[in-house]
Amino acid sequence: MHNVKRVPRANLSPELIARHKEEEQKKLSAYKSVEDEYLARRAAGDVSMAGLDSTTALLTCNPEYYSAWNYRRDILLQMFKEAETSEGAQTLQTRLLEGDLMLLQQNMRMYPKVYWLWNHRRWCLQMLPVVSSNPSKKWENELSLVDMMLEMDSRNFMGWNYRRWILEELAAALSPEWDDHQARFPSSLSISSLPDSVRKTHLELAESELRYTLRKIESNFSNFSAWHQRSKLLVCVWDAKKLHQEQRMLERNKEFELLQQAMYTDPSDQSIWIYHRWLVSLNPDQKTLEQQIHLIEELAELEPDSKWCMQSLAHYKQLLLSTWGDLLDASVKDTLATQIKELLERLSVIDPLRQHRYEDLLKAIHAHQHI
């Protein structure tokens, strides 16, 4: 566990070492017994409640035993099928699936980054009967659960990926009149034929999610998943609002201001620079490139050894030179070419793990100049 000081085994007395070994052996024997029970029932094709219980016991001990999750789903599907003809079929299915959701919620607190837990939870929700009076309820409840999980670990990328799926399902449940096979949320917001009522619903959901990502970023600028989530939403929101070029530029400038705060707070954080490069790529015109180069050069004066400052300056100056070089004076182009070489040579020294990459970039520049 984090922040728990480990006692070196060399410092333990022989009695303590022997006791630890005995406890470990007991745990191993208990686990082996549980696994043997599961394997025997699976080999026999047991799809009864006893077979289901065997997977519960094993997965409580070891949630990464993915074949047990597969077997558990087989048992549940068989139970649903057998109950189809009875009056309480839907009630049984709901009860079993809600039981699994509770089991998963308990396990996810202890093992928040085990893929199979998230995968099985997704399956359970897909199979859970919809309440006709409120089809969006299960997705709204699940979004609250993901909020709780991301409070525990705001950078859990599995939680964020799962959150995106929940938002897709919630958007579909809130707008049943829209055929989401054409485009799922948030891409639906970029569809010109999207009905106004659906556009309004999806836009409210997207803006709510943007506010959520902003809260996460403001509490921790190093939240790559929150930045990534914004990149999935922003352009779609702008499309839905039908913003023209100048309005989009104003919105982008707001993002650049947020990034500038983050850069000065922690210039070594990779997630900030990746988002910055994405934001520039939306419209890498001459004005944008020159503005961002100027801002990063100011930061570089304070952080002269910042790898990310140098990488970004080399990238944006090369982009300026290659894209807008015809509009630049010869002296400006020569200055840019010299600065790019100096940056890449310096990066080769301070970032030796990527030395060959920088050398390849230098060779490409030399080759281009001799064409």
# chains A, B, ... in the order shown; residues from 1 in each chain; ligands from 1
call {"tool": "residues_around", "arguments": {"residues": "Leu295 of chain A", "least_positions_apart": "6", "cutoff": "12 Å", "atoms": "only C-alpha atoms", "output": "list in words"}}
result
Phe256, Glu257, Leu259, Gln260, Gln261, Met263, Tyr264, Thr288, Leu289, Glu301, Leu302, Cys309, Ser312, Leu313 and Tyr316 of chain A
call {"tool": "write_last_selection", "arguments": {"atoms": "C-alpha atoms", "output": "short mmCIF file (atom, residue, chain, number, x, y, z; two decimals), in the first residue's frame"}}
result
data_model
loop_
_atom_site.label_atom_id
_atom_site.label_comp_id
_atom_site.auth_asym_id
_atom_site.auth_seq_id
_atom_site.Cartn_x
_atom_site.Cartn_y
_atom_site.Cartn_z
CA PHE A 256 -5.03 28.70 -23.94
CA GLU A 257 -5.42 30.85 -20.81
CA LEU A 259 -3.23 25.99 -20.24
CA GLN A 260 -0.96 28.93 -19.50
CA GLN A 261 -1.88 28.69 -15.81
CA MET A 263 2.19 25.42 -17.71
CA TYR A 264 3.46 27.92 -15.16
CA THR A 288 -1.71 31.33 -33.43
CA LEU A 289 1.74 29.80 -33.92
CA GLU A 301 13.27 32.05 -19.78
CA LEU A 302 12.05 30.99 -16.34
CA CYS A 309 9.25 23.90 -23.55
CA SER A 312 7.14 22.50 -28.18
CA LEU A 313 9.22 25.40 -29.45
CA TYR A 316 5.85 24.98 -33.48
#
call {"tool": "residues_around", "arguments": {"residues": "Tyr212 of chain A", "least_positions_apart": "4", "cutoff": "12 Å", "atoms": "only C-alpha atoms", "output": "ChimeraX atom specification"}}
result
/A:143,147,150-151,154,160,163,205-208,216-219,225-227,229-230,233
call {"tool": "residues_around", "arguments": {"residues": "segment 71-81 of chain A", "least_positions_apart": "4", "cutoff": "7 Å", "atoms": "only C-alpha atoms", "output": "ChimeraX atom specification"}}
result
/A:47,52,55,67,89,93
call {"tool": "write_last_selection", "arguments": {"atoms": "all heavy atoms", "output": "PDB file, in the first residue's frame"}}
result
ATOM      1  N   VAL A  47     -24.286 -25.069 -14.086  1.00  0.00           N
ATOM      2  CA  VAL A  47     -24.820 -23.712 -14.262  1.00  0.00           C
ATOM      3  C   VAL A  47     -25.902 -23.423 -13.212  1.00  0.00           C
ATOM      4  O   VAL A  47     -26.808 -22.631 -13.427  1.00  0.00           O
ATOM      5  CB  VAL A  47     -25.380 -23.497 -15.688  1.00  0.00           C
ATOM      6  CG1 VAL A  47     -24.251 -23.469 -16.701  1.00  0.00           C
ATOM      7  CG2 VAL A  47     -26.405 -24.557 -16.040  1.00  0.00           C
ATOM      8  N   LEU A  52     -22.661 -20.638  -9.545  1.00  0.00           N
ATOM      9  CA  LEU A  52     -22.532 -19.186  -9.443  1.00  0.00           C
ATOM     10  C   LEU A  52     -21.810 -18.807  -8.157  1.00  0.00           C
ATOM     11  O   LEU A  52     -20.937 -17.931  -8.159  1.00  0.00           O
ATOM     12  CB  LEU A  52     -23.920 -18.542  -9.484  1.00  0.00           C
ATOM     13  CG  LEU A  52     -23.953 -17.016  -9.598  1.00  0.00           C
ATOM     14  CD1 LEU A  52     -23.452 -16.559 -10.958  1.00  0.00           C
ATOM     15  CD2 LEU A  52     -25.371 -16.492  -9.366  1.00  0.00           C
ATOM     16  N   THR A  55     -18.050 -19.083  -8.352  1.00  0.00           N
ATOM     17  CA  THR A  55     -17.368 -17.953  -8.999  1.00  0.00           C
ATOM     18  C   THR A  55     -17.317 -16.751  -8.060  1.00  0.00           C
ATOM     19  O   THR A  55     -16.335 -16.010  -8.050  1.00  0.00           O
ATOM     20  CB  THR A  55     -18.071 -17.553 -10.318  1.00  0.00           C
ATOM     21  OG1 THR A  55     -19.371 -17.031 -10.030  1.00  0.00           O
ATOM     22  CG2 THR A  55     -18.171 -18.713 -11.272  1.00  0.00           C
ATOM     23  N   SER A  67     -11.411 -15.735 -16.640  1.00  0.00           N
ATOM     24  CA  SER A  67     -12.241 -16.843 -17.128  1.00  0.00           C
ATOM     25  C   SER A  67     -13.400 -17.130 -16.173  1.00  0.00           C
ATOM     26  O   SER A  67     -14.451 -17.628 -16.591  1.00  0.00           O
ATOM     27  CB  SER A  67     -11.392 -18.108 -17.323  1.00  0.00           C
ATOM     28  OG  SER A  67     -10.813 -18.518 -16.100  1.00  0.00           O
ATOM     29  N   ALA A  89     -39.731 -13.621 -14.313  1.00  0.00           N
ATOM     30  CA  ALA A  89     -38.460 -13.688 -15.037  1.00  0.00           C
ATOM     31  C   ALA A  89     -37.683 -12.373 -14.927  1.00  0.00           C
ATOM     32  O   ALA A  89     -36.490 -12.365 -14.611  1.00  0.00           O
ATOM     33  CB  ALA A  89     -38.702 -14.036 -16.498  1.00  0.00           C
ATOM     34  N   GLN A  93     -34.065 -11.649 -13.038  1.00  0.00           N
ATOM     35  CA  GLN A  93     -32.936 -11.076 -13.757  1.00  0.00           C
ATOM     36  C   GLN A  93     -32.457  -9.793 -13.077  1.00  0.00           C
ATOM     37  O   GLN A  93     -31.251  -9.597 -12.893  1.00  0.00           O
ATOM     38  CB  GLN A  93     -33.338 -10.785 -15.211  1.00  0.00           C
ATOM     39  CG  GLN A  93     -32.186 -10.313 -16.089  1.00  0.00           C
ATOM     40  CD  GLN A  93     -32.543 -10.336 -17.560  1.00  0.00           C
ATOM     41  OE1 GLN A  93     -33.423 -11.078 -17.985  1.00  0.00           O
ATOM     42  NE2 GLN A  93     -31.850  -9.537 -18.358  1.00  0.00           N
TER      43      GLN A  93
END
call {"tool": "select_by_dssp", "arguments": {"residues": "segment 208-333 of chain A", "states": "alpha helix (DSSP H)", "output": "JSON, numbers by chain"}}
result
{"A": [208, 209, 210, 211, 212, 213, 214, 215, 216, 217, 218, 219, 224, 225, 226, 227, 228, 229, 230, 231, 232, 233, 234, 235, 236, 237, 238, 239, 240, 241, 245, 246, 247, 248, 249, 250, 251, 252, 253, 254, 255, 256, 257, 258, 259, 260, 261, 262, 263, 264, 265, 270, 271, 272, 273, 274, 275, 276, 277, 278, 279, 280, 281, 286, 287, 288, 289, 290, 291, 292, 293, 294, 295, 296, 297, 298, 299, 300, 301, 302, 307, 308, 309, 310, 311, 312, 313, 314, 315, 316, 317, 318, 319, 320, 321, 322, 323, 324, 330, 331, 332, 333]}
call {"tool": "closest_residue", "arguments": {"among": "A:Tyr65, A:Trp139, A:Trp116, A:Tyr358", "to": "Glu35 of chain A", "atoms": "only C-alpha atoms"}}
result
A:Tyr65
